[in-house]
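Engineer: Structure provided below as structure tokens; questions to follow.
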Amino acid sequence: MSDAVQILDAVAIVGDYLREHPDVESMVGGRVSHKSPSEGDFEEPWVRITLLDPQNVTGNSRVEWLVSYYLQIDCYAGSENRFAEAFDLAAAVRAALIALPDADLEDAVVTDIGFASMPSQPDADLMPARERFILDAEVFAHPR
Amino acid sequence: MAPVRYVPNPLFEEEVREQPQHEKGMRTITKGVAKAVRTAARPFRNTGYYERRVRVKAQSVVASDFAWHWVEFGSVHNPPYAPFRRGLRAAGIRLVMDPKPPR
């Protein structure tokens with residue numbers, strides 16, 4: 001087997017972590033995924049994670065060790081469509097992620113995390129436009 | 001030599017931006033960024049309309065497609081294609097998150 005470093009599945013790692021985090025779990029249950037809920041299942045709030053760009057930031061000759069995973073994390077309100085609900089969810093996700101470098105993960109070590117922005121961007125694809133906060137996060141991680 | 005007191009000029013950035021050298025330098029950067037954004041938009045190309053609407057305007061790169069936010073941020077029915085954010089990173093522009101600790 002090749003000893004090349006495998007890039008991590010950052011969406012799964014962050015998704016598993018958020019699903020198990022009590023503050024996030026109490027707001028969305030297990031509704032943290034890389035895709036939107038099924039059509040018509042938009043009653044409860046949810047979180048969608050998309051990997052925008054993984055970039056090697058190792059900084060030495062070691063190949064693909066430390067990678068910057070640039071994630072978009074959508075935090076949607078439920079059918080009551082309350083702005084505060086979307087904000088509270090985004091704030092809970094953000095607070096949980098800040099603690100990610102201290103978490104004991106099975107396959108990965110998260111060395112740092114930063115946030116580029118957290119705009120309120122209601123999703124006009126639902127009627128009425130559904131409240132949503134978009135968390136732009138950069139997670140630095142390497143395999144364990 | 002007498003000590004010199006430094007007085008920050010609040011108009012410094014504005015004045016620098018008006019310099020022709022700055023404008024020339026920025027033109028090179030913004031052209032590169034616009035090209036990288038168009039390249040990042042290519043994988044989900046349909047008609048090419050979005051790519052054509054990515055333009056350099058003064059010292060900025062803008063997308064004048066009316067649906068730019070759907071393309072950039074996605075929706076419940078569409079993934080975020082994020083051509084601007086991907087393009088910026090591909091062009092080598094990084095957000096440096098190194099804030100000074102609070103006092």
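Labels used: A, B, ... for chains in the order of the structure tokens, numbers from 1 for residues in each chain, and numbers from 1 for ligands as shown.
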Report as a list of chain:residue names the set of chain B residues whose atoms approach chain A to within 9 Å, with distances computed over only C-alpha atoms.
Structural biologist: B:His69, B:Trp70, B:Phe73, B:Gly74, B:Ser75, B:Val76, B:His77, B:Asn78, B:Pro79, B:Pro80, B:Tyr81, B:Ala82, B:Arg85, B:Arg86, B:Arg89, B:Leu95, B:Met97
Engineer: Compile the contact shell of region 8-21 of chain B as a list in words: residues with an atom at most 10 Å away, counting only C-alpha atoms, same-chain residues fewer than 5 positions apart removed.
Structural biologist: Met26, Arg27 and Gln59 of chain B
Engineer: So that I can check the surroundings of region 85-95 of chain A, please list as a JSON list (two decimals) with N, CA and C atoms, in the first residue's frame every protein, DNA and RNA residue that reaches within 8 Å of it, counting only C-alpha atoms and ignoring chain neighbours fewer than 2 positions away.
Structural biologist:
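As written to disk, around.json reads:
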[["chain", "number", "residue", "atom", "x", "y", "z"],
["A", 18, "LEU", "N", -20.24, 17.77, 14.96],
["A", 18, "LEU", "CA", -21.39, 18.65, 15.26],
["A", 18, "LEU", "C", -22.61, 17.84, 15.69],
["A", 23, "ASP", "N", -24.83, 21.06, 22.32],
["A", 23, "ASP", "CA", -25.51, 22.33, 22.01],
["A", 23, "ASP", "C", -26.12, 22.32, 20.62],
["A", 24, "VAL", "N", -25.41, 21.71, 19.68],
["A", 24, "VAL", "CA", -25.93, 21.64, 18.30],
["A", 24, "VAL", "C", -27.01, 20.56, 18.22],
["A", 27, "MET", "N", -30.48, 21.47, 19.13],
["A", 27, "MET", "CA", -31.20, 22.36, 18.21],
["A", 27, "MET", "C", -31.61, 21.68, 16.91],
["A", 45, "PRO", "N", -35.06, 22.92, 11.90],
["A", 45, "PRO", "CA", -33.80, 23.54, 11.42],
["A", 45, "PRO", "C", -32.77, 22.47, 11.03],
["A", 75, "CYS", "N", -26.67, 27.32, 8.07],
["A", 75, "CYS", "CA", -27.48, 27.08, 9.26],
["A", 75, "CYS", "C", -28.89, 27.62, 8.99],
["A", 76, "TYR", "N", -29.84, 26.73, 8.77],
["A", 76, "TYR", "CA", -31.20, 27.10, 8.38],
["A", 76, "TYR", "C", -32.15, 27.10, 9.57],
["A", 77, "ALA", "N", -33.07, 28.07, 9.56],
["A", 77, "ALA", "CA", -34.16, 28.06, 10.53],
["A", 77, "ALA", "C", -35.18, 27.00, 10.10],
["A", 78, "GLY", "N", -36.03, 26.61, 11.06],
["A", 78, "GLY", "CA", -37.11, 25.67, 10.75],
["A", 78, "GLY", "C", -38.29, 26.41, 10.11],
["A", 81, "ASN", "N", -39.47, 29.91, 10.69],
["A", 81, "ASN", "CA", -38.69, 30.89, 9.93],
["A", 81, "ASN", "C", -38.27, 32.09, 10.78],
["A", 82, "ARG", "N", -37.76, 31.81, 11.96],
["A", 82, "ARG", "CA", -37.34, 32.89, 12.85],
["A", 82, "ARG", "C", -35.86, 33.21, 12.62],
["A", 83, "PHE", "N", -35.60, 34.50, 12.45],
["A", 83, "PHE", "CA", -34.22, 34.97, 12.28],
["A", 83, "PHE", "C", -33.37, 34.53, 13.46],
["A", 97, "LEU", "N", -17.38, 24.70, 16.97],
["A", 97, "LEU", "CA", -16.20, 24.54, 16.11],
["A", 97, "LEU", "C", -14.95, 25.17, 16.72],
["A", 98, "ILE", "N", -15.14, 26.23, 17.49],
["A", 98, "ILE", "CA", -13.99, 26.85, 18.13],
["A", 98, "ILE", "C", -13.27, 25.85, 19.04],
["A", 99, "ALA", "N", -14.07, 24.93, 19.60],
["A", 99, "ALA", "CA", -13.49, 23.92, 20.49],
["A", 99, "ALA", "C", -12.96, 22.70, 19.73],
["A", 131, "GLU", "N", -34.87, 31.86, 6.57],
["A", 131, "GLU", "CA", -33.74, 32.47, 7.27],
["A", 131, "GLU", "C", -32.55, 31.50, 7.30],
["A", 132, "ARG", "N", -31.39, 32.05, 7.03],
["A", 132, "ARG", "CA", -30.19, 31.21, 6.98],
["A", 132, "ARG", "C", -28.97, 32.06, 7.29],
["A", 133, "PHE", "N", -28.08, 31.52, 8.08],
["A", 133, "PHE", "CA", -26.76, 32.13, 8.26],
["A", 133, "PHE", "C", -25.74, 31.22, 7.60],
["A", 134, "ILE", "N", -24.79, 31.86, 6.94],
["A", 134, "ILE", "CA", -23.76, 31.10, 6.25],
["A", 134, "ILE", "C", -22.43, 31.31, 6.97],
["A", 135, "LEU", "N", -21.93, 30.23, 7.50],
["A", 135, "LEU", "CA", -20.67, 30.28, 8.23],
["A", 135, "LEU", "C", -19.55, 29.83, 7.29]]
Engineer: Hey, what does DSSP flag as alpha helix (DSSP H) within chain A? Can you give it to me as a CSV table (one decimal) with N, CA and C atoms, in the first residue's frame?
Structural biologist:
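File written: out-v7.csv
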chain,number,residue,atom,x,y,z
A,10,ALA,N,-13.2,16.0,5.4
A,10,ALA,CA,-13.4,17.0,6.4
A,10,ALA,C,-14.9,17.2,6.7
A,11,VAL,N,-15.7,17.0,5.7
A,11,VAL,CA,-17.2,17.2,5.9
A,11,VAL,C,-17.7,16.1,6.8
A,12,ALA,N,-17.2,14.9,6.7
A,12,ALA,CA,-17.7,13.8,7.6
A,12,ALA,C,-17.1,14.1,9.0
A,13,ILE,N,-15.9,14.5,9.1
A,13,ILE,CA,-15.3,14.7,10.4
A,13,ILE,C,-16.0,15.9,11.2
A,14,VAL,N,-16.2,17.0,10.5
A,14,VAL,CA,-16.9,18.1,11.1
A,14,VAL,C,-18.4,17.7,11.3
A,15,GLY,N,-19.0,17.0,10.4
A,15,GLY,CA,-20.4,16.6,10.6
A,15,GLY,C,-20.6,15.7,11.8
A,16,ASP,N,-19.8,14.7,11.9
A,16,ASP,CA,-19.9,13.8,13.0
A,16,ASP,C,-19.7,14.6,14.3
A,17,TYR,N,-18.7,15.5,14.3
A,17,TYR,CA,-18.4,16.2,15.6
A,17,TYR,C,-19.7,17.1,15.9
A,18,LEU,N,-20.2,17.8,15.0
A,18,LEU,CA,-21.4,18.6,15.3
A,18,LEU,C,-22.6,17.8,15.7
A,19,ARG,N,-22.8,16.7,15.1
A,19,ARG,CA,-24.0,15.9,15.4
A,19,ARG,C,-23.9,15.4,16.9
A,20,GLU,N,-22.7,15.2,17.3
A,20,GLU,CA,-22.5,14.7,18.7
A,20,GLU,C,-22.4,15.8,19.7
A,22,PRO,N,-23.5,18.5,22.2
A,22,PRO,CA,-24.8,18.7,22.8
A,22,PRO,C,-25.5,19.9,22.5
A,23,ASP,N,-24.8,21.1,22.3
A,23,ASP,CA,-25.5,22.3,22.0
A,23,ASP,C,-26.1,22.3,20.6
A,24,VAL,N,-25.4,21.7,19.7
A,24,VAL,CA,-25.9,21.6,18.3
A,24,VAL,C,-27.0,20.6,18.2
A,25,GLU,N,-26.7,19.4,18.9
A,25,GLU,CA,-27.7,18.3,18.8
A,25,GLU,C,-29.0,18.7,19.4
A,26,SER,N,-29.0,19.6,20.4
A,26,SER,CA,-30.3,20.0,21.1
A,26,SER,C,-31.1,20.9,20.1
A,27,MET,N,-30.5,21.5,19.1
A,27,MET,CA,-31.2,22.4,18.2
A,27,MET,C,-31.6,21.7,16.9
A,28,VAL,N,-30.8,20.8,16.4
A,28,VAL,CA,-31.1,20.1,15.1
A,28,VAL,C,-31.2,18.6,15.2
A,83,PHE,N,-35.6,34.5,12.4
A,83,PHE,CA,-34.2,35.0,12.3
A,83,PHE,C,-33.4,34.5,13.5
A,84,ALA,N,-33.9,34.7,14.7
A,84,ALA,CA,-33.2,34.4,15.9
A,84,ALA,C,-32.8,32.9,15.9
A,85,GLU,N,-33.7,32.0,15.4
A,85,GLU,CA,-33.4,30.6,15.4
A,85,GLU,C,-32.2,30.3,14.6
A,86,ALA,N,-32.2,30.9,13.4
A,86,ALA,CA,-31.0,30.7,12.5
A,86,ALA,C,-29.7,31.2,13.1
A,87,PHE,N,-29.9,32.4,13.7
A,87,PHE,CA,-28.7,33.0,14.3
A,87,PHE,C,-28.2,32.1,15.5
A,88,ASP,N,-29.1,31.7,16.4
A,88,ASP,CA,-28.7,30.9,17.5
A,88,ASP,C,-28.0,29.6,17.1
A,89,LEU,N,-28.6,29.0,16.0
A,89,LEU,CA,-28.0,27.8,15.5
A,89,LEU,C,-26.5,28.1,15.0
A,90,ALA,N,-26.4,29.1,14.2
A,90,ALA,CA,-25.1,29.5,13.7
A,90,ALA,C,-24.1,29.8,14.8
A,91,ALA,N,-24.6,30.5,15.8
A,91,ALA,CA,-23.7,30.8,17.0
A,91,ALA,C,-23.3,29.5,17.7
A,92,ALA,N,-24.3,28.6,17.8
A,92,ALA,CA,-23.9,27.3,18.5
A,92,ALA,C,-22.9,26.5,17.7
A,93,VAL,N,-23.1,26.5,16.4
A,93,VAL,CA,-22.2,25.8,15.5
A,93,VAL,C,-20.8,26.4,15.6
A,94,ARG,N,-20.8,27.7,15.6
A,94,ARG,CA,-19.5,28.4,15.6
A,94,ARG,C,-18.8,28.2,17.0
A,95,ALA,N,-19.5,28.2,18.1
A,95,ALA,CA,-18.9,28.0,19.4
A,95,ALA,C,-18.4,26.5,19.5
A,96,ALA,N,-19.2,25.6,18.9
A,96,ALA,CA,-18.7,24.2,18.9
A,96,ALA,C,-17.4,24.0,18.1
A,97,LEU,N,-17.4,24.7,17.0
A,97,LEU,CA,-16.2,24.5,16.1
A,97,LEU,C,-15.0,25.2,16.7
A,98,ILE,N,-15.1,26.2,17.5
A,98,ILE,CA,-14.0,26.9,18.1
A,98,ILE,C,-13.3,25.8,19.0
Engineer: Give the strand (DSSP E) residues of chain A, as assigned by DSSP on the backbone, as a ChimeraX atom specification.
Structural biologist: /A:32-33,46-56,67-76,108-117,132-143
Engineer: Write the selection just made, keeping C-alpha atoms, as a PDB file, in the first residue's frame?
Structural biologist:
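Generated output (again10.pdb):
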ATOM      1  CA  VAL A  32     -26.318  17.839   9.991  1.00  0.00           C
ATOM      2  CA  SER A  33     -25.384  16.653   6.518  1.00  0.00           C
ATOM      3  CA  TRP A  46     -30.804  21.921   9.784  1.00  0.00           C
ATOM      4  CA  VAL A  47     -27.130  22.349   8.995  1.00  0.00           C
ATOM      5  CA  ARG A  48     -25.556  21.689   5.598  1.00  0.00           C
ATOM      6  CA  ILE A  49     -21.793  21.416   5.184  1.00  0.00           C
ATOM      7  CA  THR A  50     -20.067  21.863   1.826  1.00  0.00           C
ATOM      8  CA  LEU A  51     -16.362  21.537   1.165  1.00  0.00           C
ATOM      9  CA  LEU A  52     -15.438  24.490  -1.040  1.00  0.00           C
ATOM     10  CA  ASP A  53     -11.722  24.010  -1.303  1.00  0.00           C
ATOM     11  CA  PRO A  54      -9.066  21.823   0.333  1.00  0.00           C
ATOM     12  CA  GLN A  55      -5.650  23.416  -0.027  1.00  0.00           C
ATOM     13  CA  ASN A  56      -2.285  22.011   0.950  1.00  0.00           C
ATOM     14  CA  VAL A  67      -4.504  20.856   4.689  1.00  0.00           C
ATOM     15  CA  SER A  68      -6.767  23.898   4.917  1.00  0.00           C
ATOM     16  CA  TYR A  69     -10.339  22.725   4.432  1.00  0.00           C
ATOM     17  CA  TYR A  70     -12.488  25.663   3.442  1.00  0.00           C
ATOM     18  CA  LEU A  71     -16.097  24.901   4.383  1.00  0.00           C
ATOM     19  CA  GLN A  72     -19.431  26.591   3.876  1.00  0.00           C
ATOM     20  CA  ILE A  73     -21.751  25.719   6.731  1.00  0.00           C
ATOM     21  CA  ASP A  74     -25.385  26.698   6.130  1.00  0.00           C
ATOM     22  CA  CYS A  75     -27.484  27.078   9.256  1.00  0.00           C
ATOM     23  CA  TYR A  76     -31.196  27.095   8.377  1.00  0.00           C
ATOM     24  CA  ALA A 108      -7.708  13.521  12.428  1.00  0.00           C
ATOM     25  CA  VAL A 109      -5.998  16.248  14.359  1.00  0.00           C
ATOM     26  CA  VAL A 110      -7.463  19.708  13.926  1.00  0.00           C
ATOM     27  CA  THR A 111      -4.733  22.237  14.553  1.00  0.00           C
ATOM     28  CA  ASP A 112      -6.668  25.449  14.066  1.00  0.00           C
ATOM     29  CA  ILE A 113      -9.929  26.919  12.895  1.00  0.00           C
ATOM     30  CA  GLY A 114     -10.910  30.357  11.656  1.00  0.00           C
ATOM     31  CA  PHE A 115     -14.014  32.043  10.340  1.00  0.00           C
ATOM     32  CA  ALA A 116     -14.032  34.283   7.309  1.00  0.00           C
ATOM     33  CA  SER A 117     -17.605  35.521   7.633  1.00  0.00           C
ATOM     34  CA  ARG A 132     -30.191  31.211   6.975  1.00  0.00           C
ATOM     35  CA  PHE A 133     -26.762  32.126   8.263  1.00  0.00           C
ATOM     36  CA  ILE A 134     -23.756  31.097   6.246  1.00  0.00           C
ATOM     37  CA  LEU A 135     -20.669  30.281   8.227  1.00  0.00           C
ATOM     38  CA  ASP A 136     -17.447  30.395   6.220  1.00  0.00           C
ATOM     39  CA  ALA A 137     -14.964  28.302   8.130  1.00  0.00           C
ATOM     40  CA  GLU A 138     -11.384  27.281   7.495  1.00  0.00           C
ATOM     41  CA  VAL A 139     -10.335  24.109   9.299  1.00  0.00           C
ATOM     42  CA  PHE A 140      -6.660  23.164   9.417  1.00  0.00           C
ATOM     43  CA  ALA A 141      -6.231  19.438   9.934  1.00  0.00           C
ATOM     44  CA  HIS A 142      -3.889  16.520   9.356  1.00  0.00           C
ATOM     45  CA  PRO A 143      -4.289  12.752   9.702  1.00  0.00           C
TER      46      PRO A 143
END
Engineer: Would you kindly return, as a ChimeraX atom specification, each protein, DNA or RNA residue with an atom no farther than 10 Å from any atom of Ala34 (chain B), considering only C-alpha atoms and excluding same-chain residues fewer than 2 positions away?
Structural biologist: /B:29-32,36-40,51,54-56,60-63,84,87-88,91
